[in-house]
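So this block is work.cif, mmCIF, C-alpha atoms:
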```cif
data_data
loop_
_atom_site.label_atom_id
_atom_site.label_comp_id
_atom_site.auth_asym_id
_atom_site.auth_seq_id
_atom_site.Cartn_x
_atom_site.Cartn_y
_atom_site.Cartn_z
CA MET A 1 -19.57 13.06 19.08
CA LYS A 2 -20.21 13.42 15.37
CA VAL A 3 -18.30 12.98 12.14
CA THR A 4 -18.96 14.92 8.99
CA GLY A 5 -17.56 15.43 5.54
CA ASP A 6 -18.50 15.33 1.89
CA TRP A 7 -18.17 11.55 1.91
CA LEU A 8 -21.04 11.35 4.44
CA THR A 9 -23.33 14.13 3.25
CA ALA A 10 -23.07 13.17 -0.42
CA ALA A 11 -26.52 12.49 -1.88
CA PRO A 12 -25.67 8.94 -3.09
CA THR A 13 -24.51 7.85 0.38
CA GLN A 14 -27.49 9.43 2.08
CA ALA A 15 -29.78 7.71 -0.44
CA VAL A 16 -28.25 4.30 0.34
CA CYS A 17 -28.68 4.87 4.08
CA ALA A 18 -32.25 6.07 3.59
CA MET A 19 -32.99 2.96 1.53
CA LEU A 20 -32.41 0.93 4.70
CA GLU A 21 -33.60 3.33 7.38
CA THR A 22 -36.98 4.12 5.84
CA HIS A 23 -37.79 0.41 5.97
CA GLY A 24 -36.90 0.08 9.65
CA HIS A 25 -33.32 -1.16 9.31
CA GLN A 26 -30.13 0.25 10.76
CA ALA A 27 -27.55 1.82 8.46
CA LEU A 28 -24.26 2.39 10.26
CA LEU A 29 -21.17 3.68 8.49
CA VAL A 30 -18.30 1.60 9.81
CA GLY A 31 -14.56 1.08 9.92
CA GLY A 32 -12.09 3.08 7.90
CA CYS A 33 -14.46 5.84 6.80
CA VAL A 34 -15.39 6.67 10.42
CA ARG A 35 -11.84 6.21 11.71
CA ASN A 36 -10.36 8.44 9.00
CA ALA A 37 -13.03 11.09 9.41
CA LEU A 38 -12.28 11.29 13.14
CA LEU A 39 -8.58 11.63 12.33
CA GLY A 40 -9.20 14.27 9.67
CA VAL A 41 -7.63 12.24 6.87
CA PRO A 42 -9.22 11.41 3.49
CA VAL A 43 -11.96 8.79 3.32
CA ASN A 44 -11.59 6.37 0.43
CA ASP A 45 -14.10 3.55 0.90
CA ILE A 46 -17.61 3.63 2.34
CA ASP A 47 -18.71 0.56 4.28
CA ILE A 48 -22.10 0.18 5.92
CA SER A 49 -23.26 -2.32 8.55
CA THR A 50 -26.92 -3.20 8.92
CA ASP A 51 -29.29 -5.57 10.63
CA ALA A 52 -30.95 -6.27 7.27
CA HIS A 53 -30.06 -9.64 5.77
CA PRO A 54 -28.36 -9.71 2.34
CA GLU A 55 -31.48 -10.76 0.45
CA ARG A 56 -33.38 -7.89 2.03
CA VAL A 57 -30.62 -5.43 1.11
CA MET A 58 -30.75 -6.60 -2.50
CA GLU A 59 -34.54 -6.32 -2.56
CA LEU A 60 -34.52 -2.78 -1.19
CA ALA A 61 -31.71 -1.64 -3.48
CA LYS A 62 -33.45 -2.95 -6.59
CA SER A 63 -36.71 -1.30 -5.52
CA ALA A 64 -34.80 1.97 -5.16
CA GLY A 65 -33.39 1.60 -8.67
CA LEU A 66 -29.82 1.12 -7.45
CA ASN A 67 -27.25 -1.21 -8.98
CA VAL A 68 -26.63 -4.32 -6.88
CA ILE A 69 -23.53 -6.56 -6.93
CA PRO A 70 -23.50 -9.68 -4.69
CA THR A 71 -19.77 -9.34 -4.02
CA GLY A 72 -19.67 -11.53 -0.92
CA ILE A 73 -23.23 -12.61 -0.33
CA GLU A 74 -22.16 -15.84 1.38
CA HIS A 75 -20.53 -13.69 4.06
CA GLY A 76 -23.35 -11.17 4.16
CA THR A 77 -21.84 -8.49 1.91
CA ILE A 78 -23.62 -6.72 -0.93
CA THR A 79 -22.21 -3.80 -2.93
CA VAL A 80 -24.78 -1.14 -3.78
CA VAL A 81 -23.73 1.43 -6.37
CA ALA A 82 -25.39 4.85 -6.31
CA ASP A 83 -24.35 7.46 -8.86
CA GLY A 84 -21.20 5.47 -9.53
CA ILE A 85 -20.17 5.35 -5.86
CA PRO A 86 -19.88 1.82 -4.42
CA HIS A 87 -21.17 1.19 -0.90
CA GLU A 88 -20.27 -2.15 0.64
CA ILE A 89 -23.15 -3.19 2.89
CA THR A 90 -22.62 -6.06 5.31
CA THR A 91 -25.12 -7.62 7.69
CA PHE A 92 -24.23 -7.62 11.39
CA ARG A 93 -22.57 -10.96 12.05
CA HIS A 94 -20.56 -13.01 14.47
CA ASP A 95 -18.08 -15.81 13.82
CA VAL A 96 -19.22 -19.39 14.31
CA GLU A 97 -16.01 -21.08 13.21
CA THR A 98 -12.63 -19.91 11.88
CA ASP A 99 -9.48 -21.63 10.61
CA GLY A 100 -7.10 -18.68 10.47
CA ARG A 101 -7.91 -17.84 6.85
CA ARG A 102 -11.69 -17.76 6.50
CA ALA A 103 -14.66 -17.75 8.84
CA VAL A 104 -18.11 -19.31 9.01
CA VAL A 105 -20.42 -16.51 10.13
CA ALA A 106 -23.94 -16.19 11.46
CA PHE A 107 -26.04 -13.07 11.09
CA SER A 108 -26.88 -10.97 14.13
CA ASN A 109 -29.18 -8.10 15.07
CA ASN A 110 -26.66 -6.70 17.53
CA VAL A 111 -24.02 -4.15 16.55
CA GLU A 112 -21.81 -5.19 19.48
CA ASP A 113 -21.63 -8.74 18.06
CA ASP A 114 -20.48 -7.21 14.79
CA ALA A 115 -17.93 -5.01 16.54
CA ARG A 116 -16.38 -7.90 18.47
CA ARG A 117 -15.55 -9.86 15.32
CA ARG A 118 -13.44 -7.00 13.95
CA ASP A 119 -9.68 -6.75 14.40
CA PHE A 120 -8.76 -3.53 16.22
CA THR A 121 -10.74 -1.25 18.50
CA MET A 122 -10.13 1.76 16.26
CA ASN A 123 -11.76 -0.14 13.38
CA ALA A 124 -14.87 -0.98 15.43
CA LEU A 125 -16.29 2.54 15.18
CA TYR A 126 -19.67 3.22 13.62
CA ALA A 127 -21.67 6.31 12.69
CA THR A 128 -25.32 6.89 11.85
CA SER A 129 -26.28 8.66 8.65
CA ASP A 130 -26.35 12.01 10.50
CA GLY A 131 -22.76 11.46 11.72
CA THR A 132 -23.45 10.42 15.31
CA VAL A 133 -20.63 8.12 16.39
CA VAL A 134 -21.48 4.71 17.84
CA ASP A 135 -18.58 3.26 19.85
CA PRO A 136 -19.44 -0.17 21.30
CA LEU A 137 -15.89 -1.06 22.41
CA ASP A 138 -14.31 2.24 23.49
CA GLY A 139 -12.39 2.56 20.25
CA ILE A 140 -12.38 6.35 20.32
CA ALA A 141 -10.12 6.41 23.37
CA ASP A 142 -7.60 4.19 21.58
CA LEU A 143 -7.88 6.24 18.40
CA LYS A 144 -7.24 9.50 20.24
CA ALA A 145 -4.19 7.97 21.91
CA ARG A 146 -3.09 6.48 18.57
CA ARG A 147 -3.00 3.16 20.41
CA LEU A 148 -3.48 0.12 18.18
CA ARG A 149 -5.13 -2.61 20.21
CA PHE A 150 -6.71 -5.92 19.27
CA ILE A 151 -10.32 -6.35 20.33
CA ASP A 152 -10.61 -8.46 23.50
CA ASN A 153 -8.07 -11.30 23.42
CA ALA A 154 -5.28 -10.68 20.90
CA GLU A 155 -4.52 -14.38 20.33
CA ASP A 156 -8.17 -15.11 19.57
CA ARG A 157 -8.33 -12.31 17.03
CA ILE A 158 -5.12 -13.48 15.33
CA ARG A 159 -6.23 -17.12 15.15
CA GLU A 160 -9.42 -16.02 13.43
CA ASP A 161 -7.31 -14.68 10.57
CA TYR A 162 -3.52 -14.83 10.60
CA LEU A 163 -3.37 -11.94 8.14
CA ARG A 164 -4.12 -9.77 11.16
CA ILE A 165 -0.47 -10.20 12.14
CA LEU A 166 0.57 -8.22 9.08
CA ARG A 167 -2.38 -5.86 9.37
CA TYR A 168 -1.22 -5.01 12.89
CA PHE A 169 2.12 -3.72 11.63
CA ARG A 170 0.54 -1.92 8.68
CA PHE A 171 -2.06 -0.15 10.82
CA HIS A 172 0.56 0.79 13.38
CA ALA A 173 2.63 2.39 10.62
CA TYR A 174 -0.36 4.51 9.57
CA TYR A 175 -2.19 5.20 12.81
CA GLY A 176 -0.02 4.20 15.78
CA ASP A 177 2.12 6.47 17.90
CA PRO A 178 5.73 5.38 17.26
CA SER A 179 6.96 7.19 20.36
CA GLU A 180 4.76 4.97 22.55
CA GLY A 181 5.88 1.71 20.96
CA MET A 182 3.62 -1.26 20.33
CA ASP A 183 1.17 -3.03 22.59
CA PRO A 184 3.11 -5.76 24.50
CA GLU A 185 0.08 -8.05 24.54
CA ALA A 186 -0.26 -7.77 20.78
CA LEU A 187 3.42 -8.50 20.17
CA ALA A 188 3.34 -11.50 22.49
CA ALA A 189 0.30 -12.89 20.68
CA ILE A 190 1.95 -12.33 17.31
CA ALA A 191 5.15 -14.08 18.45
CA SER A 192 3.10 -17.08 19.59
CA ASN A 193 1.29 -17.37 16.26
CA ILE A 194 3.96 -16.65 13.63
CA ASP A 195 3.61 -20.18 12.23
CA GLY A 196 0.10 -19.26 11.12
CA LEU A 197 1.53 -16.97 8.45
CA ALA A 198 2.41 -20.06 6.41
CA SER A 199 -1.31 -20.72 5.88
CA LEU A 200 -1.84 -17.40 4.07
CA SER A 201 -1.81 -17.06 0.31
CA ARG A 202 1.14 -15.20 -1.16
CA GLU A 203 -1.27 -12.76 -2.79
CA ARG A 204 -2.67 -11.70 0.60
CA VAL A 205 0.80 -11.41 2.10
CA GLY A 206 1.99 -9.41 -0.91
CA SER A 207 -0.94 -7.01 -0.79
CA GLU A 208 -0.41 -6.29 2.91
CA THR A 209 3.34 -5.87 2.50
CA VAL A 210 3.01 -3.37 -0.35
CA LYS A 211 0.39 -1.41 1.62
CA LEU A 212 2.76 -1.30 4.59
CA MET A 213 5.56 0.02 2.41
CA ALA A 214 3.26 2.82 1.23
CA ALA A 215 2.88 4.16 4.79
CA PRO A 216 4.45 7.56 5.55
CA ASP A 217 7.19 5.83 7.57
CA PRO A 218 7.10 2.02 7.67
CA ALA A 219 10.60 1.68 9.16
CA PRO A 220 9.64 1.31 12.87
CA ALA A 221 6.98 -1.27 12.03
CA VAL A 222 9.33 -3.25 9.79
CA ALA A 223 12.03 -3.14 12.49
CA ALA A 224 9.52 -4.61 14.94
CA MET A 225 8.65 -7.29 12.39
CA ARG A 226 12.33 -8.21 12.18
CA GLN A 227 12.81 -8.27 15.93
CA ILE A 228 9.84 -10.55 16.49
CA GLY A 229 10.63 -12.86 13.55
CA VAL A 230 7.83 -11.95 11.15
CA LEU A 231 10.09 -10.40 8.50
CA THR A 232 12.16 -13.55 8.17
CA VAL A 233 9.03 -15.64 7.63
CA ILE A 234 7.47 -13.53 4.88
CA LEU A 235 10.65 -12.11 3.28
CA PRO A 236 13.58 -14.43 3.95
CA GLY A 237 17.01 -12.97 3.33
CA THR A 238 15.93 -9.36 3.64
CA ASP A 239 17.58 -6.66 5.75
CA ASP A 240 15.76 -3.51 6.88
CA ARG A 241 18.78 -1.50 8.04
CA ALA A 242 18.68 0.85 5.04
CA LEU A 243 14.90 1.43 5.17
CA ALA A 244 14.94 4.25 7.74
CA PRO A 245 17.75 6.12 5.91
CA LEU A 246 15.80 5.74 2.65
CA VAL A 247 12.63 7.19 4.19
CA HIS A 248 14.70 10.11 5.54
CA LEU A 249 16.22 10.75 2.11
CA GLU A 250 12.78 10.66 0.49
CA GLU A 251 11.53 13.27 2.95
CA MET A 252 14.59 15.49 2.53
CA SER A 253 14.33 15.31 -1.26
CA ALA A 254 10.51 15.72 -1.31
CA VAL A 255 10.25 12.60 -3.45
CA PRO A 256 6.85 10.87 -3.63
CA ILE A 257 6.53 7.55 -1.81
CA ASP A 258 7.14 4.46 -3.92
CA PRO A 259 6.43 1.24 -1.99
CA ILE A 260 8.44 -0.82 -4.49
CA ARG A 261 11.48 1.40 -3.97
CA ARG A 262 11.19 0.68 -0.26
CA LEU A 263 10.69 -3.02 -0.90
CA THR A 264 13.81 -3.01 -3.06
CA VAL A 265 15.96 -1.53 -0.29
CA LEU A 266 15.26 -4.64 1.80
CA GLY A 267 17.12 -6.83 -0.67
CA GLY A 268 16.46 -10.57 -0.63
CA GLU A 269 15.96 -13.09 -3.41
CA GLY A 270 12.74 -14.45 -4.85
CA ILE A 271 10.73 -11.57 -3.40
CA ALA A 272 8.55 -11.14 -6.48
CA GLU A 273 7.45 -14.75 -6.22
CA ALA A 274 7.16 -14.73 -2.43
CA LEU A 275 4.74 -11.80 -2.63
CA ARG A 276 3.17 -12.73 -5.97
CA LEU A 277 3.92 -9.29 -7.36
CA SER A 278 2.29 -8.45 -10.67
CA LYS A 279 4.48 -8.64 -13.75
CA LYS A 280 4.49 -4.85 -14.02
CA THR A 281 5.52 -4.42 -10.38
CA ALA A 282 8.18 -7.12 -10.62
CA ARG A 283 9.64 -5.41 -13.71
CA HIS A 284 9.74 -2.11 -11.85
CA ARG A 285 11.66 -3.75 -9.01
CA ASP A 286 14.04 -5.39 -11.48
CA VAL A 287 14.79 -2.02 -13.10
CA LEU A 288 15.70 -0.57 -9.71
CA ARG A 289 17.88 -3.55 -8.83
CA ASN A 290 19.65 -3.41 -12.22
CA GLY A 291 20.27 0.30 -11.73
CA LEU A 292 21.79 -0.39 -8.33
CA GLU A 293 24.22 -2.84 -9.86
CA SER A 294 25.34 -0.38 -12.54
CA SER A 295 28.04 2.25 -12.18
CA ASP A 296 26.19 4.81 -14.30
CA SER A 297 26.38 8.49 -13.38
CA PRO A 298 23.16 10.24 -12.31
CA GLY A 299 22.74 11.67 -15.79
CA ALA A 300 23.29 8.30 -17.42
CA LEU A 301 20.74 6.73 -15.07
CA GLY A 302 18.20 9.34 -16.13
CA TYR A 303 18.91 8.71 -19.80
CA ARG A 304 18.75 4.92 -19.53
CA PHE A 305 15.93 4.46 -17.00
CA GLY A 306 13.91 7.68 -16.99
CA GLU A 307 13.72 10.36 -14.31
CA GLU A 308 11.45 8.50 -11.89
CA ALA A 309 13.43 5.26 -11.84
CA ALA A 310 16.76 7.12 -11.81
CA THR A 311 15.65 9.14 -8.80
CA SER A 312 14.74 5.93 -6.98
CA ILE A 313 18.07 4.33 -7.87
CA LEU A 314 20.01 7.33 -6.58
CA LEU A 315 18.05 7.29 -3.30
CA LEU A 316 18.61 3.56 -2.95
CA ARG A 317 22.35 3.92 -3.58
CA ALA A 318 22.69 6.61 -0.93
CA ALA A 319 20.65 4.63 1.64
CA MET A 320 22.26 1.24 1.02
CA PHE A 321 25.83 2.40 0.64
CA GLU A 322 25.59 4.97 3.44
CA SER A 323 26.75 7.73 1.15
CA PRO A 324 25.39 11.27 0.85
CA LEU A 325 23.02 12.15 -1.96
CA MET A 326 24.86 14.84 -3.91
CA PRO A 327 22.79 18.02 -4.23
CA ASP A 328 22.88 18.07 -8.02
CA ALA A 329 22.35 14.32 -8.55
CA LEU A 330 18.57 14.47 -8.97
CA THR A 331 18.91 17.46 -11.29
CA ALA A 332 21.42 15.56 -13.40
CA ALA A 333 19.04 12.59 -13.58
CA LYS A 334 16.25 14.88 -14.75
CA ILE A 335 18.50 16.39 -17.45
CA GLY A 336 19.54 12.92 -18.58
CA ALA A 337 15.95 11.76 -18.81
CA SER A 338 15.09 14.57 -21.23
CA ALA A 339 18.28 14.27 -23.31
CA GLU A 340 17.98 12.95 -26.86
CA PHE A 341 20.93 11.28 -28.59
CA PRO A 342 21.62 13.41 -31.70
CA ILE A 343 23.06 10.64 -33.89
CA ARG A 344 20.88 8.40 -36.06
CA PRO A 345 21.95 5.29 -38.01
CA ALA A 346 21.40 7.25 -41.22
CA ASP A 347 24.20 9.59 -40.15
CA LEU A 348 26.72 6.73 -40.24
CA ILE A 349 25.39 4.44 -42.94
CA ASP A 350 27.86 5.76 -45.50
CA ARG A 351 30.77 4.66 -43.31
CA PHE A 352 29.56 1.61 -41.39
CA GLN A 353 27.34 -1.38 -42.04
CA GLY A 354 26.11 -4.32 -39.99
CA ALA A 355 27.77 -4.94 -36.63
CA ALA A 356 30.24 -2.14 -37.24
CA LEU A 357 27.35 0.33 -37.45
CA GLY A 358 25.97 -0.84 -34.12
CA ASN A 359 29.39 -0.60 -32.49
CA ALA A 360 29.93 2.90 -33.82
CA LEU A 361 26.56 4.05 -32.49
CA LYS A 362 27.31 2.60 -29.05
CA GLU A 363 30.75 4.23 -29.01
CA LEU A 364 29.34 7.63 -29.88
CA GLU A 365 26.51 7.28 -27.39
CA SER A 366 28.98 6.43 -24.61
CA ALA A 367 31.07 9.49 -25.48
CA TRP A 368 27.97 11.68 -25.54
CA ILE A 369 26.79 10.42 -22.13
CA ALA A 370 30.30 10.87 -20.70
CA SER A 371 30.19 14.50 -21.85
CA GLU A 372 26.98 14.92 -19.81
CA PHE A 373 25.09 15.21 -23.11
CA SER A 374 27.03 18.32 -24.15
CA LEU A 375 28.67 17.07 -27.38
CA SER A 376 26.80 18.17 -30.48
CA LYS A 377 26.09 16.01 -33.50
CA ALA A 378 28.93 17.65 -35.42
CA GLU A 379 31.38 17.19 -32.55
CA LEU A 380 30.45 13.52 -32.20
CA LEU A 381 30.86 12.86 -35.92
CA GLU A 382 34.27 14.55 -35.84
CA THR A 383 35.48 11.96 -33.32
CA LEU A 384 35.09 9.29 -36.02
CA SER A 385 37.35 11.00 -38.53
#
```

Just give me the structure of the file as structure tokens.
Amino acid sequence: MKVTGDWLTAAPTQAVCAMLETHGHQALLVGGCVRNALLGVPVNDIDISTDAHPERVMELAKSAGLNVIPTGIEHGTITVVADGIPHEITTFRHDVETDGRRAVVAFSNNVEDDARRRDFTMNALYATSDGTVVDPLDGIADLKARRLRFIDNAEDRIREDYLRILRYFRFHAYYGDPSEGMDPEALAAIASNIDGLASLSRERVGSETVKLMAAPDPAPAVAAMRQIGVLTVILPGTDDRALAPLVHLEEMSAVPIDPIRRLTVLGGEGIAEALRLSKKTARHRDVLRNGLESSDSPGALGYRFGEEAATSILLLRAAMFESPLMPDALTAAKIGASAEFPIRPADLIDRFQGAALGNALKELESAWIASEFSLSKAELLETLS
């Protein structure tokens, strides 16, 4: 079996592989790039595994005139940049000691050792530079069946890094078969190790949660997280009942996925801090929550928050309040977002000053919004006479 694609045949990637292979080392594309290529979905990152030690990788890359970044040299990882494309190269390794957050590793010459320290069988797939697939752990069978399975003993894999609990649900949302459900062994191992989530940094939990919410349909995975107790641990006070209706509404309305919209529909307090959301992301979530609490019409939402946020607010309202999304609501939000209030302070300065001027502007703006932006400047000014 072979994989192919522009990501593999690109000259920079072939040059990086040749840099290793011509000096007697293995260069195996690994993980997401191979998995995605086999599934026929876009490849984003290019990772390479090799038997060459990090110092040797750096030496060869410099000799080849390539840019070298020691991104994780203590763990055997070097980033080699060729023609602006980063290639993360990691030496074959096996775990010596783990504490659920980080591992002490030893280098290996054996690709199977490297495969067995990974999380899921579908992520332990490799390919040579000509695209020939190397499958040490029968990951292709699981990938074809869209069966997400931990490598060897699920509890051992989880205790090596408790973030794998969250990664399990995220990967199932992207690559699992929802009609077949989840692996009972995996769920049992997760249930037995939920306490380990407390050892993870909020940044890591936040990153995984946002990635999960960006999946085509995260609702089944999030429901499983609730049933097994994971959701309560990472997002206390949340409720996922409106998530599936929201995803359905997004699909029916052909609205692009917004993971923060989906995070907002879960409710809960202190979520921004619990997930260490960036200030920009937290503000976005606050805008959506404020819009939910308002009684503004679709047009008013568009005018006050912009088309994108107004669309999200309308979808959230329909999902959370179990009400239909009116056919013209999104159109009204779009119209409101492009509307421009025709009155300026200079138009009223001869009649109002100070606080009275501000009040008059607000009064006219409210009347204009209530008219669905139809009142002209002249008609608005006439209401003051």

Q | Atomic separation - atom CA of A:Ile349 relative to atom CA of A:Ala370, Å | A |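 About the pair atom CA of A:Ala370 and atom CA of A:Ile349: they are 23.7 Å apart.
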
**Request:** Please evaluate the PyMOL selection byres ((chain A and resi 57-60) around 10) against the structure above and give the resulting residues as an MDAnalysis selection string.
**Result:** chainID A and resid 16 19:20 23 25 50:56 61:70 73 76:80 89:91

Q.
For the provided coordinates, the residues matched by the PyMOL selection byres ((chain A and resi 174) around 8) should be stated as a PyMOL selection string.
A. chain A and resi 170-173+175-176+215-217

Build an axis-aligned box that encloses every atom of stretch 42-60 of chain A listed in the file, pad it by 4 Å on each side, and report its centre and edge lengths in Å to one decimal, as lines of an AutoDock Vina configuration file.
```
center_x = -21.9
center_y = 0.3
center_z = 4.0
size_x = 33.3
size_y = 30.2
size_z = 21.2
```

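Shortest separation to A:Thr238 among A:Ala378, A:Ala27, A:Ala223, A:Leu301 occurs at residue A:Ala223, atoms counted being all atoms listed in the file.
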
Can you tell me, as an mmCIF file with C-alpha atoms, keeping the file's coordinate frame, what residues are no more than 9 Å from A:Leu29 when counting only C-alpha atoms, ignoring any on the same chain fewer than 6 positions away?
```cif
data_model
loop_
_atom_site.group_PDB
_atom_site.id
_atom_site.type_symbol
_atom_site.label_atom_id
_atom_site.label_comp_id
_atom_site.auth_asym_id
_atom_site.auth_seq_id
_atom_site.Cartn_x
_atom_site.Cartn_y
_atom_site.Cartn_z
ATOM 1 C CA LEU A 8 -21.040 11.350 4.440
ATOM 2 C CA CYS A 17 -28.680 4.870 4.080
ATOM 3 C CA ILE A 46 -17.610 3.630 2.340
ATOM 4 C CA ASP A 47 -18.710 0.560 4.280
ATOM 5 C CA ILE A 48 -22.100 0.180 5.920
ATOM 6 C CA SER A 49 -23.260 -2.320 8.550
ATOM 7 C CA THR A 50 -26.920 -3.200 8.920
ATOM 8 C CA LEU A 125 -16.290 2.540 15.180
ATOM 9 C CA TYR A 126 -19.670 3.220 13.620
ATOM 10 C CA ALA A 127 -21.670 6.310 12.690
ATOM 11 C CA THR A 128 -25.320 6.890 11.850
ATOM 12 C CA SER A 129 -26.280 8.660 8.650
ATOM 13 C CA GLY A 131 -22.760 11.460 11.720
#
```

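Between atom CA of A:Ala319 and atom CA of A:Ala242 the interatomic distance comes to 5.5 Å.
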
Assuming the chain letters and numbering stay as they are in my file, what does the PyMOL selection byres ((chain A and resi 1) around 12) actually select? List them as a ChimeraX atom specification.
/A:2-4,34,37-38,125-128,130-135,140

Would you list the contacts of A:Gly268 as a tab-separated table (two decimals) with C-alpha atoms, in the frame of the given file, taking every protein, DNA or RNA residue within 12 Å and counting only C-alpha atoms, but skipping same-chain residues closer than 4 positions in sequence?
```
chain	number	residue	atom	x	y	z
A	231	LEU	CA	10.09	-10.40	8.50
A	232	THR	CA	12.16	-13.55	8.17
A	234	ILE	CA	7.47	-13.53	4.88
A	235	LEU	CA	10.65	-12.11	3.28
A	236	PRO	CA	13.58	-14.43	3.95
A	237	GLY	CA	17.01	-12.97	3.33
A	238	THR	CA	15.93	-9.36	3.64
A	239	ASP	CA	17.58	-6.66	5.75
A	240	ASP	CA	15.76	-3.51	6.88
A	263	LEU	CA	10.69	-3.02	-0.90
A	264	THR	CA	13.81	-3.01	-3.06
A	272	ALA	CA	8.55	-11.14	-6.48
A	273	GLU	CA	7.45	-14.75	-6.22
A	274	ALA	CA	7.16	-14.73	-2.43
A	275	LEU	CA	4.74	-11.80	-2.63
A	285	ARG	CA	11.66	-3.75	-9.01
A	289	ARG	CA	17.88	-3.55	-8.83
```

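With distances taken from (-10.8, 2.3, 11.2) and restricted to only C-alpha atoms, the residues inside 8 Å are Val30, Gly31, Gly32, Cys33, Val34, Arg35, Asn36, Phe120, Met122, Asn123, Ala124 and Leu125 of chain A.
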
In Å and to one decimal, atom CA of A:Arg93 is distant from atom CA of A:Ala106 by 5.4 Å

Find the residues near A:Ile260: any atom within 12 Å, counting all atoms listed in the file, skip ones fewer than 2 places away on the same chain, and give them as a short mmCIF file (atom, residue, chain, number, x, y, z; two decimals) with C-alpha atoms, keeping the file's coordinate frame.
```cif
data_model
loop_
_atom_site.label_atom_id
_atom_site.label_comp_id
_atom_site.auth_asym_id
_atom_site.auth_seq_id
_atom_site.Cartn_x
_atom_site.Cartn_y
_atom_site.Cartn_z
CA GLY A 206 1.99 -9.41 -0.91
CA SER A 207 -0.94 -7.01 -0.79
CA THR A 209 3.34 -5.87 2.50
CA VAL A 210 3.01 -3.37 -0.35
CA LYS A 211 0.39 -1.41 1.62
CA LEU A 212 2.76 -1.30 4.59
CA MET A 213 5.56 0.02 2.41
CA ALA A 214 3.26 2.82 1.23
CA ALA A 215 2.88 4.16 4.79
CA LEU A 243 14.90 1.43 5.17
CA PRO A 256 6.85 10.87 -3.63
CA ILE A 257 6.53 7.55 -1.81
CA ASP A 258 7.14 4.46 -3.92
CA ARG A 262 11.19 0.68 -0.26
CA LEU A 263 10.69 -3.02 -0.90
CA THR A 264 13.81 -3.01 -3.06
CA VAL A 265 15.96 -1.53 -0.29
CA LEU A 266 15.26 -4.64 1.80
CA GLY A 267 17.12 -6.83 -0.67
CA ILE A 271 10.73 -11.57 -3.40
CA ALA A 272 8.55 -11.14 -6.48
CA LEU A 275 4.74 -11.80 -2.63
CA LEU A 277 3.92 -9.29 -7.36
CA SER A 278 2.29 -8.45 -10.67
CA LYS A 280 4.49 -4.85 -14.02
CA THR A 281 5.52 -4.42 -10.38
CA ALA A 282 8.18 -7.12 -10.62
CA ARG A 283 9.64 -5.41 -13.71
CA HIS A 284 9.74 -2.11 -11.85
CA ARG A 285 11.66 -3.75 -9.01
CA ASP A 286 14.04 -5.39 -11.48
CA VAL A 287 14.79 -2.02 -13.10
CA LEU A 288 15.70 -0.57 -9.71
CA ARG A 289 17.88 -3.55 -8.83
CA ALA A 309 13.43 5.26 -11.84
CA SER A 312 14.74 5.93 -6.98
CA ILE A 313 18.07 4.33 -7.87
CA LEU A 316 18.61 3.56 -2.95
#
```

Could you tell me which of A:Thr311, A:Leu148, A:Trp7, A:Phe373 comes closest to A:Met326 if we count all atoms listed in the file?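 Using all atoms listed in the file, A:Met326 sits closest to A:Thr311.
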
Notebook entry, point to check: Looking at only C-alpha atoms, which of A:Ala145, A:Ala254, A:Ala221, A:Leu200 is the one that sits closest to A:Tyr168?
Noted result: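 Of the candidates, the smallest distance to A:Tyr168 is held by A:Ala221.
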
*Who sits within 7 Å of stretch 330-342 of chain A, only C-alpha atoms, same chain under 6 positions skipped, as a ChimeraX atom specification*: /A:298-303,306-307,310-311,365,373,377

Give me stretch 349-357 of chain A with N, CA and C atoms filled in, as a PDB file, in the frame of the given file.
```
ATOM      1  N   ILE A 349      25.566   5.556 -42.010  1.00  0.00           N
ATOM      2  CA  ILE A 349      25.390   4.440 -42.940  1.00  0.00           C
ATOM      3  C   ILE A 349      26.377   4.477 -44.098  1.00  0.00           C
ATOM      4  N   ASP A 350      26.905   5.677 -44.403  1.00  0.00           N
ATOM      5  CA  ASP A 350      27.860   5.760 -45.500  1.00  0.00           C
ATOM      6  C   ASP A 350      29.241   5.263 -45.103  1.00  0.00           C
ATOM      7  N   ARG A 351      29.455   5.103 -43.766  1.00  0.00           N
ATOM      8  CA  ARG A 351      30.770   4.660 -43.310  1.00  0.00           C
ATOM      9  C   ARG A 351      30.765   3.287 -42.638  1.00  0.00           C
ATOM     10  N   PHE A 352      29.618   2.889 -42.122  1.00  0.00           N
ATOM     11  CA  PHE A 352      29.560   1.610 -41.390  1.00  0.00           C
ATOM     12  C   PHE A 352      28.316   0.818 -41.793  1.00  0.00           C
ATOM     13  N   GLN A 353      28.465  -0.480 -41.768  1.00  0.00           N
ATOM     14  CA  GLN A 353      27.340  -1.380 -42.040  1.00  0.00           C
ATOM     15  C   GLN A 353      27.360  -2.527 -41.016  1.00  0.00           C
ATOM     16  N   GLY A 354      26.197  -3.130 -40.834  1.00  0.00           N
ATOM     17  CA  GLY A 354      26.110  -4.320 -39.990  1.00  0.00           C
ATOM     18  C   GLY A 354      26.538  -4.073 -38.562  1.00  0.00           C
ATOM     19  N   ALA A 355      27.324  -5.027 -38.017  1.00  0.00           N
ATOM     20  CA  ALA A 355      27.770  -4.940 -36.630  1.00  0.00           C
ATOM     21  C   ALA A 355      28.629  -3.708 -36.401  1.00  0.00           C
ATOM     22  N   ALA A 356      29.383  -3.316 -37.393  1.00  0.00           N
ATOM     23  CA  ALA A 356      30.240  -2.140 -37.240  1.00  0.00           C
ATOM     24  C   ALA A 356      29.408  -0.879 -37.000  1.00  0.00           C
ATOM     25  N   LEU A 357      28.242  -0.817 -37.649  1.00  0.00           N
ATOM     26  CA  LEU A 357      27.350   0.330 -37.450  1.00  0.00           C
ATOM     27  C   LEU A 357      26.858   0.373 -36.010  1.00  0.00           C
TER      28      LEU A 357
END
```
